[in-house]
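**Student:** Take a look at my_file.tsv, TSV, C-alpha atoms:
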chain	number	residue	atom	x	y	z
A	28	MET	CA	-18.45	-45.28	-10.63
A	29	THR	CA	-15.00	-44.39	-9.42
A	30	SER	CA	-14.07	-42.81	-12.71
A	31	TYR	CA	-17.24	-40.72	-12.54
A	32	LYS	CA	-16.27	-39.45	-9.10
A	33	ALA	CA	-12.78	-38.61	-10.22
A	34	ASP	CA	-14.25	-36.81	-13.19
A	35	ARG	CA	-16.50	-34.73	-10.99
A	36	SER	CA	-13.69	-33.72	-8.67
A	37	ILE	CA	-11.72	-32.55	-11.70
A	38	LYS	CA	-14.65	-30.39	-12.78
A	39	TRP	CA	-14.87	-28.89	-9.33
A	40	ARG	CA	-11.18	-28.26	-9.42
A	41	PHE	CA	-11.88	-26.17	-12.51
A	42	SER	CA	-14.21	-23.97	-10.55
A	43	ILE	CA	-11.58	-23.49	-7.86
A	44	LEU	CA	-9.19	-22.60	-10.66
A	45	GLY	CA	-11.72	-20.02	-11.81
A	46	VAL	CA	-11.82	-18.45	-8.37
A	47	LEU	CA	-8.03	-18.32	-8.33
A	48	ALA	CA	-8.03	-16.77	-11.79
A	49	GLY	CA	-10.46	-14.19	-10.48
A	50	LEU	CA	-8.17	-13.41	-7.57
A	51	ALA	CA	-5.28	-13.10	-9.99
A	52	LEU	CA	-7.37	-10.60	-11.97
A	53	LEU	CA	-7.96	-8.72	-8.75
A	54	ALA	CA	-4.24	-8.54	-8.13
A	55	MET	CA	-3.73	-7.21	-11.64
A	56	ALA	CA	-6.28	-4.41	-11.32
A	57	PRO	CA	-5.00	-1.35	-13.20
A	58	ALA	CA	-2.48	0.86	-11.43
A	59	LYS	CA	-3.99	3.67	-9.43
A	60	ALA	CA	-2.74	6.38	-7.12
A	61	GLU	CA	0.83	6.23	-5.89
A	62	TYR	CA	1.95	4.14	-2.90
A	63	ALA	CA	1.63	6.16	0.35
A	64	ASP	CA	-0.59	8.91	-1.05
A	65	VAL	CA	-2.70	10.07	1.93
A	66	ILE	CA	-6.30	11.18	1.51
A	67	ILE	CA	-7.40	13.46	4.35
A	68	ASN	CA	-11.15	13.80	4.59
A	69	ASN	CA	-12.28	14.42	8.15
A	70	TYR	CA	-14.03	17.67	7.40
A	71	ALA	CA	-13.51	18.58	3.75
A	72	ASP	CA	-16.48	16.72	2.24
A	73	ALA	CA	-18.87	18.01	4.86
A	74	ALA	CA	-17.60	21.56	4.22
A	75	GLY	CA	-18.17	21.18	0.47
A	76	MET	CA	-14.47	21.04	-0.44
A	77	ARG	CA	-12.75	18.18	-2.27
A	78	PRO	CA	-10.78	15.87	0.04
A	79	VAL	CA	-7.06	16.65	0.43
A	80	VAL	CA	-4.45	14.49	-1.33
A	81	PHE	CA	-1.00	14.46	0.28
A	82	PRO	CA	1.68	12.73	-1.83
A	83	HIS	CA	4.41	11.19	0.40
A	84	TRP	CA	6.75	10.37	-2.49
A	85	PHE	CA	6.82	14.00	-3.61
A	86	HIS	CA	7.56	15.37	-0.14
A	87	ARG	CA	10.10	12.70	0.86
A	88	ILE	CA	12.25	13.64	-2.13
A	89	ARG	CA	12.47	17.11	-0.55
A	90	PHE	CA	12.30	16.48	3.21
A	91	ARG	CA	13.30	13.71	5.62
A	92	CYS	CA	10.42	12.09	7.49
A	93	LYS	CA	11.75	13.66	10.66
A	94	VAL	CA	10.99	17.22	9.50
A	95	CYS	CA	7.26	16.55	9.39
A	96	HIS	CA	6.90	13.71	11.86
A	97	ALA	CA	9.06	15.19	14.63
A	98	ASP	CA	9.69	18.91	14.08
A	99	LEU	CA	6.22	19.76	12.77
A	100	GLY	CA	4.40	17.22	14.93
A	101	PHE	CA	2.49	15.16	12.33
A	102	GLN	CA	1.51	11.89	14.02
A	103	PHE	CA	1.85	8.60	12.12
A	104	LYS	CA	-1.88	8.28	11.44
A	105	ALA	CA	-3.84	9.26	8.36
A	106	GLY	CA	-6.54	11.65	9.49
A	107	GLY	CA	-5.18	11.52	13.03
A	108	ASN	CA	-3.91	15.09	13.20
A	109	LYS	CA	-7.29	16.84	12.97
A	110	ILE	CA	-5.90	19.39	10.54
A	111	THR	CA	-8.15	22.40	9.89
A	112	MET	CA	-7.71	25.52	7.76
A	113	ALA	CA	-7.51	27.67	10.89
A	114	LYS	CA	-4.42	25.71	12.02
A	115	ILE	CA	-2.90	25.84	8.54
A	116	ILE	CA	-3.31	29.61	8.24
A	117	ASP	CA	-1.84	29.82	11.75
A	118	GLY	CA	1.36	28.23	10.37
A	119	LYS	CA	0.84	24.71	11.72
A	120	PHE	CA	0.88	21.39	9.80
A	121	CYS	CA	0.84	22.01	6.02
A	122	GLY	CA	0.87	25.74	6.81
A	123	ALA	CA	4.39	25.52	8.26
A	124	CYS	CA	5.64	25.26	4.67
A	125	HIS	CA	2.73	26.21	2.43
A	126	ASN	CA	3.04	29.84	3.42
A	127	GLY	CA	4.57	31.37	0.31
A	128	GLU	CA	8.10	30.98	1.70
A	129	VAL	CA	9.09	27.29	1.82
A	130	ALA	CA	6.37	26.31	-0.69
A	131	TRP	CA	3.46	27.94	-2.51
A	132	SER	CA	0.89	29.53	-0.25
A	133	VAL	CA	-2.51	28.60	1.04
A	134	GLU	CA	-4.46	30.49	-1.65
A	135	ASN	CA	-3.98	27.56	-4.03
A	136	CYS	CA	-6.97	25.71	-2.66
A	137	ASN	CA	-7.20	23.25	-5.55
A	138	MET	CA	-3.60	22.08	-5.23
A	139	CYS	CA	-4.35	20.47	-1.87
A	140	HIS	CA	-8.09	19.95	-2.24
A	141	SER	CA	-7.66	17.76	-5.31
A	142	GLY	CA	-9.33	14.45	-4.38
A	143	ILE	CA	-12.46	12.89	-5.81
A	144	PRO	CA	-15.36	13.96	-3.55
A	145	GLY	CA	-16.45	11.15	-1.25
A	146	THR	CA	-13.07	9.39	-1.08
A	147	PRO	CA	-12.63	8.31	2.55
A	148	THR	CA	-9.57	9.11	4.66
A	149	HIS	CA	-6.89	6.49	4.01
A	150	ILE	CA	-3.29	5.89	3.02
A	151	HIS	CA	-3.09	4.38	-0.44
A	152	GLY	CA	-1.56	0.94	-0.99
A	153	SER	CA	-1.43	0.12	2.72
A	154	THR	CA	-0.74	-3.52	3.58
A	155	VAL	CA	-2.97	-3.24	6.65
A	156	GLN	CA	-5.95	-2.01	4.69
A	157	ARG	CA	-5.39	-4.58	1.99
A	158	LEU	CA	-4.96	-7.65	4.20
A	159	VAL	CA	-6.54	-6.78	7.54
A	160	SER	CA	-9.76	-4.88	8.12
A	161	PRO	CA	-9.64	-1.28	6.95
A	162	PRO	CA	-9.11	0.90	10.03
A	163	TYR	CA	-10.81	3.88	8.46
A	164	LYS	CA	-14.55	4.25	8.24
A	165	ALA	CA	-15.64	3.73	4.66
A	166	LEU	CA	-18.08	6.38	3.51
A	167	ASN	CA	-20.87	5.47	1.14
A	168	ALA	CA	-19.16	7.18	-1.73
A	169	PRO	CA	-21.33	9.07	-4.20
A	170	GLN	CA	-21.09	7.98	-7.83
A	171	GLN	CA	-17.67	8.86	-9.15
A	172	PRO	CA	-17.69	11.34	-12.02
A	173	ALA	CA	-17.51	9.62	-15.39
A	174	GLN	CA	-13.91	8.95	-16.31
A	175	GLN	CA	-13.17	8.87	-20.00
B	29	MET	CA	-34.11	-57.03	-13.95
B	30	PRO	CA	-32.92	-54.37	-16.43
B	31	ASN	CA	-32.39	-55.26	-20.05
B	32	GLY	CA	-29.38	-54.11	-22.06
B	33	ASP	CA	-31.24	-51.15	-23.54
B	34	SER	CA	-32.12	-49.43	-20.29
B	35	MET	CA	-28.62	-50.15	-18.99
B	36	ASN	CA	-27.32	-48.19	-21.93
B	37	LYS	CA	-29.76	-45.38	-21.20
B	38	GLY	CA	-28.45	-45.28	-17.69
B	39	VAL	CA	-24.90	-44.99	-18.90
B	40	GLU	CA	-25.89	-42.19	-21.26
B	41	ARG	CA	-27.68	-40.37	-18.50
B	42	TYR	CA	-24.56	-40.71	-16.39
B	43	ALA	CA	-22.48	-39.27	-19.20
B	44	PHE	CA	-24.98	-36.47	-19.72
B	45	ASN	CA	-25.07	-35.69	-16.00
B	46	THR	CA	-21.30	-35.54	-15.78
B	47	HIS	CA	-21.21	-33.14	-18.67
B	48	LEU	CA	-23.96	-31.06	-17.15
B	49	ARG	CA	-22.06	-30.91	-13.90
B	50	GLY	CA	-18.96	-30.00	-15.85
B	51	TYR	CA	-20.69	-27.10	-17.57
B	52	PHE	CA	-22.18	-26.09	-14.27
B	53	ALA	CA	-18.73	-26.05	-12.69
B	54	VAL	CA	-17.33	-23.97	-15.55
B	55	ALA	CA	-20.29	-21.58	-15.25
B	56	ILE	CA	-19.61	-21.18	-11.53
B	57	ALA	CA	-15.93	-20.68	-12.26
B	58	LEU	CA	-16.71	-17.95	-14.79
B	59	PHE	CA	-19.19	-16.37	-12.41
B	60	PHE	CA	-16.67	-16.26	-9.58
B	61	GLY	CA	-14.03	-14.90	-11.91
B	62	TRP	CA	-16.44	-12.24	-13.07
B	63	ALA	CA	-17.68	-11.44	-9.57
B	64	VAL	CA	-14.17	-11.02	-8.23
B	65	ALA	CA	-13.11	-8.95	-11.24
B	66	ALA	CA	-16.22	-6.78	-10.85
B	67	HIS	CA	-15.39	-6.40	-7.18
B	68	ALA	CA	-11.97	-5.11	-8.21
B	69	GLU	CA	-13.79	-2.27	-9.97
B	70	ASP	CA	-16.19	-1.46	-7.14
B	71	GLY	CA	-14.12	-2.24	-4.03
B	72	PRO	CA	-12.71	0.33	-1.68
B	73	VAL	CA	-10.08	2.58	-3.25
B	74	TRP	CA	-7.26	1.50	-0.98
B	75	THR	CA	-7.20	-2.04	-2.33
B	76	LYS	CA	-6.79	-0.87	-5.87
B	77	GLY	CA	-3.80	-1.39	-8.03
B	78	LEU	CA	-0.10	-1.38	-8.07
B	79	HIS	CA	2.06	1.69	-7.84
B	80	PHE	CA	5.05	3.12	-9.59
B	81	GLN	CA	7.08	2.70	-6.39
B	82	THR	CA	6.19	-1.00	-6.24
B	83	GLU	CA	6.71	-1.58	-9.95
B	84	GLY	CA	3.17	-1.04	-11.11
B	85	GLU	CA	1.96	0.06	-14.46
B	86	VAL	CA	2.02	3.83	-14.75
B	87	VAL	CA	-1.10	5.97	-15.06
B	88	PRO	CA	-1.16	9.76	-15.22
B	89	VAL	CA	-2.11	11.52	-11.96
B	90	LEU	CA	-5.23	12.63	-13.83
B	91	GLU	CA	-6.51	9.05	-14.03
B	92	ASP	CA	-5.20	7.61	-10.78
B	93	GLY	CA	-8.65	7.17	-9.25
B	94	ILE	CA	-7.96	9.50	-6.32
B	95	HIS	CA	-7.48	12.89	-8.00
B	96	ASP	CA	-10.61	14.60	-9.28
B	97	PRO	CA	-10.08	14.94	-13.04
B	98	THR	CA	-12.41	17.95	-13.17
B	99	ASN	CA	-9.98	19.93	-10.98
B	100	ASN	CA	-7.72	21.90	-13.31
B	101	ALA	CA	-4.83	21.87	-10.81
B	102	VAL	CA	-4.21	18.15	-11.50
B	103	THR	CA	-2.47	19.00	-14.76
B	104	ILE	CA	0.22	20.89	-12.80
B	105	PHE	CA	1.18	18.02	-10.50
B	106	GLN	CA	4.43	16.19	-10.99
B	107	GLU	CA	4.08	12.64	-12.32
B	108	PRO	CA	5.69	9.87	-10.21
B	109	VAL	CA	7.14	8.38	-13.39
B	110	GLU	CA	9.00	11.61	-14.19
B	111	SER	CA	10.47	12.28	-10.75
B	112	MET	CA	11.34	8.69	-9.88
B	113	LYS	CA	12.28	7.42	-13.33
B	114	ASP	CA	15.91	6.54	-12.60
B	115	PHE	CA	15.55	5.54	-8.95
B	116	PRO	CA	17.13	2.14	-8.20
B	117	ARG	CA	14.88	-0.74	-7.18
B	118	ASP	CA	15.46	-3.67	-4.82
B	119	GLY	CA	15.29	-7.36	-5.73
B	120	ALA	CA	11.49	-7.33	-5.61
B	121	GLY	CA	11.24	-4.31	-7.90
B	122	ILE	CA	10.35	-1.82	-5.16
B	123	ILE	CA	12.00	1.61	-5.21
B	124	ASP	CA	14.97	1.37	-2.84
B	125	TRP	CA	14.95	4.70	-1.01
B	126	VAL	CA	18.03	3.71	0.98
B	127	LYS	CA	20.06	3.49	-2.22
B	128	VAL	CA	18.41	6.60	-3.65
B	129	LEU	CA	19.79	8.47	-0.66
B	130	GLN	CA	23.19	6.72	-0.62
B	131	LYS	CA	23.76	7.49	-4.29
B	132	ASP	CA	23.04	11.19	-3.67
B	133	MET	CA	20.20	11.14	-6.17
B	134	ILE	CA	18.23	13.22	-3.70
B	135	ASP	CA	19.21	15.22	-0.64
B	136	PRO	CA	16.03	15.80	1.32
B	137	ARG	CA	16.29	18.64	3.80
B	138	GLN	CA	17.08	17.60	7.36
B	139	SER	CA	15.10	20.52	8.80
B	140	LYS	CA	12.37	22.72	7.40
B	141	LEU	CA	14.81	25.31	6.08
B	142	GLY	CA	17.71	22.90	5.55
B	143	ASP	CA	19.89	24.72	8.05
B	144	LYS	CA	20.25	21.96	10.67
B	145	ASP	CA	21.73	18.48	10.41
B	146	MET	CA	20.45	15.19	11.81
B	147	TYR	CA	22.44	12.72	13.87
B	148	ALA	CA	22.63	9.19	12.54
B	149	ALA	CA	23.30	6.17	14.76
B	150	ASP	CA	25.12	3.24	13.20
B	151	PHE	CA	24.42	-0.04	14.97
B	152	ASP	CA	22.36	-3.09	14.08
B	153	ILE	CA	19.93	-5.15	16.12
B	154	ILE	CA	19.56	-8.82	15.16
B	155	PHE	CA	16.15	-10.41	15.84
B	156	LYS	CA	16.42	-14.17	16.21
B	157	ASN	CA	12.87	-15.26	16.95
B	158	THR	CA	12.11	-15.88	13.30
B	159	GLY	CA	10.94	-19.49	13.13
B	160	SER	CA	12.52	-21.11	10.10
B	161	MET	CA	13.22	-17.77	8.39
B	162	PRO	CA	16.65	-16.14	8.34
B	163	PHE	CA	17.28	-13.73	11.26
B	164	VAL	CA	16.17	-10.12	10.92
B	165	ARG	CA	18.74	-7.34	10.83
B	166	PHE	CA	17.40	-3.97	11.96
B	167	PRO	CA	19.96	-1.38	10.86
B	168	HIS	CA	19.86	1.94	12.76
B	169	LEU	CA	21.88	3.78	10.09
B	170	PRO	CA	19.41	3.93	7.17
B	171	HIS	CA	16.58	4.60	9.60
B	172	THR	CA	18.23	7.49	11.38
B	173	GLN	CA	19.07	9.08	8.04
B	174	TRP	CA	15.32	9.57	7.56
B	175	LEU	CA	13.99	9.55	11.11
B	176	THR	CA	14.95	10.78	14.52
B	177	CYS	CA	15.20	8.63	17.65
B	178	ALA	CA	11.92	10.05	19.02
B	179	ASN	CA	10.01	8.78	15.99
B	180	CYS	CA	10.55	5.23	17.26
B	181	HIS	CA	11.64	5.45	20.90
B	182	PRO	CA	9.80	4.88	23.15
B	183	ALA	CA	6.36	4.97	21.48
B	184	ILE	CA	6.96	2.17	18.92
B	185	PHE	CA	9.98	0.36	20.43
B	186	LEU	CA	11.43	0.46	23.94
B	187	PRO	CA	15.13	1.19	23.36
B	188	GLN	CA	16.29	-2.04	24.94
B	189	LYS	CA	17.32	-5.10	23.02
B	190	GLY	CA	14.75	-7.92	23.34
B	191	SER	CA	12.10	-5.85	25.14
B	192	ASN	CA	9.65	-5.73	22.24
B	193	PRO	CA	7.63	-8.90	21.52
B	194	ILE	CA	7.48	-8.36	17.76
B	195	THR	CA	5.75	-10.94	15.56
B	196	MET	CA	5.15	-11.03	11.83
B	197	SER	CA	1.39	-10.81	12.27
B	198	ASP	CA	1.78	-7.65	14.40
B	199	ILE	CA	3.85	-6.15	11.60
B	200	ILE	CA	1.25	-6.94	8.95
B	201	GLN	CA	-1.40	-5.45	11.23
B	202	GLY	CA	0.53	-2.19	11.31
B	203	LYS	CA	2.32	-2.45	14.65
B	204	TYR	CA	6.09	-2.20	15.37
B	205	CYS	CA	7.93	-2.22	12.03
B	206	GLY	CA	4.49	-2.15	10.34
B	207	VAL	CA	3.86	1.42	11.50
B	208	CYS	CA	5.97	2.45	8.49
B	209	HIS	CA	6.61	-0.72	6.49
B	210	GLY	CA	3.51	-1.35	4.40
B	211	LYS	CA	2.42	2.27	4.46
B	212	VAL	CA	5.30	4.51	3.43
B	213	ALA	CA	8.46	2.37	3.63
B	214	PHE	CA	8.72	-0.86	1.60
B	215	PRO	CA	5.87	-3.31	2.35
B	216	PRO	CA	6.47	-6.37	4.61
B	217	THR	CA	4.63	-8.66	2.21
B	218	MET	CA	6.72	-8.08	-0.88
B	219	ASN	CA	10.35	-8.54	0.05
B	220	CYS	CA	10.99	-10.81	3.04
B	221	GLY	CA	14.71	-10.97	2.37
B	222	ARG	CA	15.35	-7.30	2.93
B	223	CYS	CA	14.56	-7.71	6.64
B	224	HIS	CA	15.24	-11.45	7.01
B	225	SER	CA	18.75	-10.95	5.71
B	226	VAL	CA	20.99	-12.81	8.16
B	227	PRO	CA	21.52	-16.57	7.53
B	228	ARG	CA	20.50	-18.63	10.56
B	229	ASP	CA	23.87	-20.33	10.82
B	230	SER	CA	25.86	-17.08	11.08
B	231	ALA	CA	28.46	-17.60	13.76
B	232	GLY	CA	29.42	-15.07	16.37
B	233	LEU	CA	26.11	-13.22	16.64
B	234	ARG	CA	25.08	-12.05	20.05
The structure given in the file should be rewritten as structure tokens.

**Tutor:**
Amino acid sequence: MTSYKADRSIKWRFSILGVLAGLALLAMAPAKAEYADVIINNYADAAGMRPVVFPHWFHRIRFRCKVCHADLGFQFKAGGNKITMAKIIDGKFCGACHNGEVAWSVENCNMCHSGIPGTPTHIHGSTVQRLVSPPYKALNAPQQPAQQ
Amino acid sequence: MPNGDSMNKGVERYAFNTHLRGYFAVAIALFFGWAVAAHAEDGPVWTKGLHFQTEGEVVPVLEDGIHDPTNNAVTIFQEPVESMKDFPRDGAGIIDWVKVLQKDMIDPRQSKLGDKDMYAADFDIIFKNTGSMPFVRFPHLPHTQWLTCANCHPAIFLPQKGSNPITMSDIIQGKYCGVCHGKVAFPPTMNCGRCHSVPRDSAGLR
């Protein structure tokens, strides 16, 4: 009897092992977008444009955080600045630089509007979103285009 | 009163049952493994994958799961692996932007046009309420080379030693240090020692 019980607990341990293996698989999911890439999608989807992808790594090689987050007034919150095209053309937010002088101008719609339609506003790789509840409303994303 | 034969049957049934349970357990294990792996495919985008900055495998921007591959502009973008190829990494394999800056590998502009300079402050704050972990050193110097005082004071931290009740769980939930660490600066979950860097028995600390 006792040996039978021990046997069973070993078997169940296997299933726990399986769950752990599954979690390990989860951790090894293939690499995706870069750490700190911000997707901004408050209005873009609804207006029929692709969501905006803002790469932090690319900009921080060229500018200190302070330039954007103090001088240009970007708050530390993905989607929290309520950026619109009117403000950008007016020279605010992205438009402070993407004006044909500091960086390429606003005509290049597809350079900023480069996200997969339906991707919700978020900052990629965030510890908070990974471990705590995601603070951004998840949209019911439409089927992603086939990726070969 | 059972005879020997049925006793044997009972033993066999026991053996059979144990095996059955064993297979069942393995089936459940496989199912969970599969379910979790499948979830990795379907889950929200922000949980997906490692990154070049945190020593992940490298994928082209075209396939990163965020950029629309049907947009022809994606082919113009710079690849993280090209721009950050030689950047030094810390002990946990995360790109060490402090060293990148110190070694003059980059010189990000300090104002939009690069015509104004920032002021750096050079003093450390030691946090001692760290349970059994080594104390935390908060160095103003590397921070003020990227950020200005108003980025942190007073919205995130009151500029007074000991006036901010910081805990590790606040940080992981995105408060205090976690406003940046875990989003843009190195994550709090991957390299404890970079913050908890002062041995507890250090003498002479205020």

**Student:** I need the residue nearest chain A from this list: B:Arg222, B:Arg228, B:Lys189, B:His209. Use all atoms listed in the file for the distance.

**Tutor:**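 For chain A, the nearest of the given residues is B:His209.
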
**Student:** Pick out the closest residue to chain B from this set: A:Pro147, A:Gly75, A:Gly107, A:Gly118. Count all atoms listed in the file.

**Tutor:**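 Result for the nearest residue to chain B: A:Pro147.
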
**Student:** So what do you get for atom CA of Arg87 of chain A versus atom CA of Gln201 of chain B, distance-wise?

**Tutor:**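 These atoms are spaced 23.9 Å apart.
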
**Student:** Point out the residue among B:Asp150, B:Ser160, B:Gln188, B:Ile200 with the least atom-to-atom distance to chain A, counting all atoms listed in the file.

**Tutor:**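 When distances to chain A are compared using all atoms listed in the file, the smallest one comes from B:Ile200.
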
**Student:** Measure the distance from atom CA of Met76 of chain A to atom CA of Phe103 of chain A in Å and round it to one decimal.

**Tutor:**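 Those two atoms sit 24.1 Å apart.
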
**Student:** Find the residues with any atom within 12 Å of (8.2, 18.1, 17.4); use only C-alpha atoms and the coordinates as given in the file, and write the answer as a PyMOL selection string.

**Tutor:** (chain A and resi 92-102+119-120) or (chain B and resi 139-140+176-179)

**Student:** So how many Å separate atom CA of Gly127 of chain A and atom CA of Arg77 of chain A, to one decimal?

**Tutor:** 21.9 Å

**Student:** List as a PyMOL selection string the residues having at least one atom at most 12 Å from position (-12.7, 13.8, 5.2) as given in the file, counting all atoms listed in the file.

**Tutor:** chain A and resi 65-80+105-111+140+142-149+163-166+168

**Student:** Rank A:Cys121, A:Val155, A:Ile115, A:Asn135 by their smallest atom-to-atom distance to chain B, using all atoms listed in the file, and report the top residue only.

**Tutor:**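 Nearest candidate to chain B out of A:Cys121, A:Val155, A:Ile115, A:Asn135: A:Val155.
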
**Student:** Need the shell around Asp92 of chain B: protein/DNA/RNA residues with any atom at most 9 Å away, counting only C-alpha atoms. Skip same-chain ones fewer than 2 positions apart. Format as a tab-separated table (two decimals) with C-alpha atoms, in the frame of the given file?

**Tutor:**
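Saved result, selection22.tsv, follows:
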chain	number	residue	atom	x	y	z
A	58	ALA	CA	-2.48	0.86	-11.43
A	59	LYS	CA	-3.99	3.67	-9.43
A	60	ALA	CA	-2.74	6.38	-7.12
A	61	GLU	CA	0.83	6.23	-5.89
B	87	VAL	CA	-1.10	5.97	-15.06
B	88	PRO	CA	-1.16	9.76	-15.22
B	89	VAL	CA	-2.11	11.52	-11.96
B	90	LEU	CA	-5.23	12.63	-13.83
B	94	ILE	CA	-7.96	9.50	-6.32
B	95	HIS	CA	-7.48	12.89	-8.00
B	96	ASP	CA	-10.61	14.60	-9.28

**Student:** So, with only C-alpha atoms as the atoms that count, which of B:Ala183, B:Tyr204, B:Val226, B:Leu141 lies closest to Glu128 of chain A?

**Tutor:** B:Leu141

**Student:** Under the rule that all atoms listed in the file are counted, which of B:Ala149, B:Val86, B:Ile104, B:Leu169 is the nearest residue to Leu129 of chain B?

**Tutor:**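 Smallest separation from Leu129 of chain B among the options: B:Leu169.
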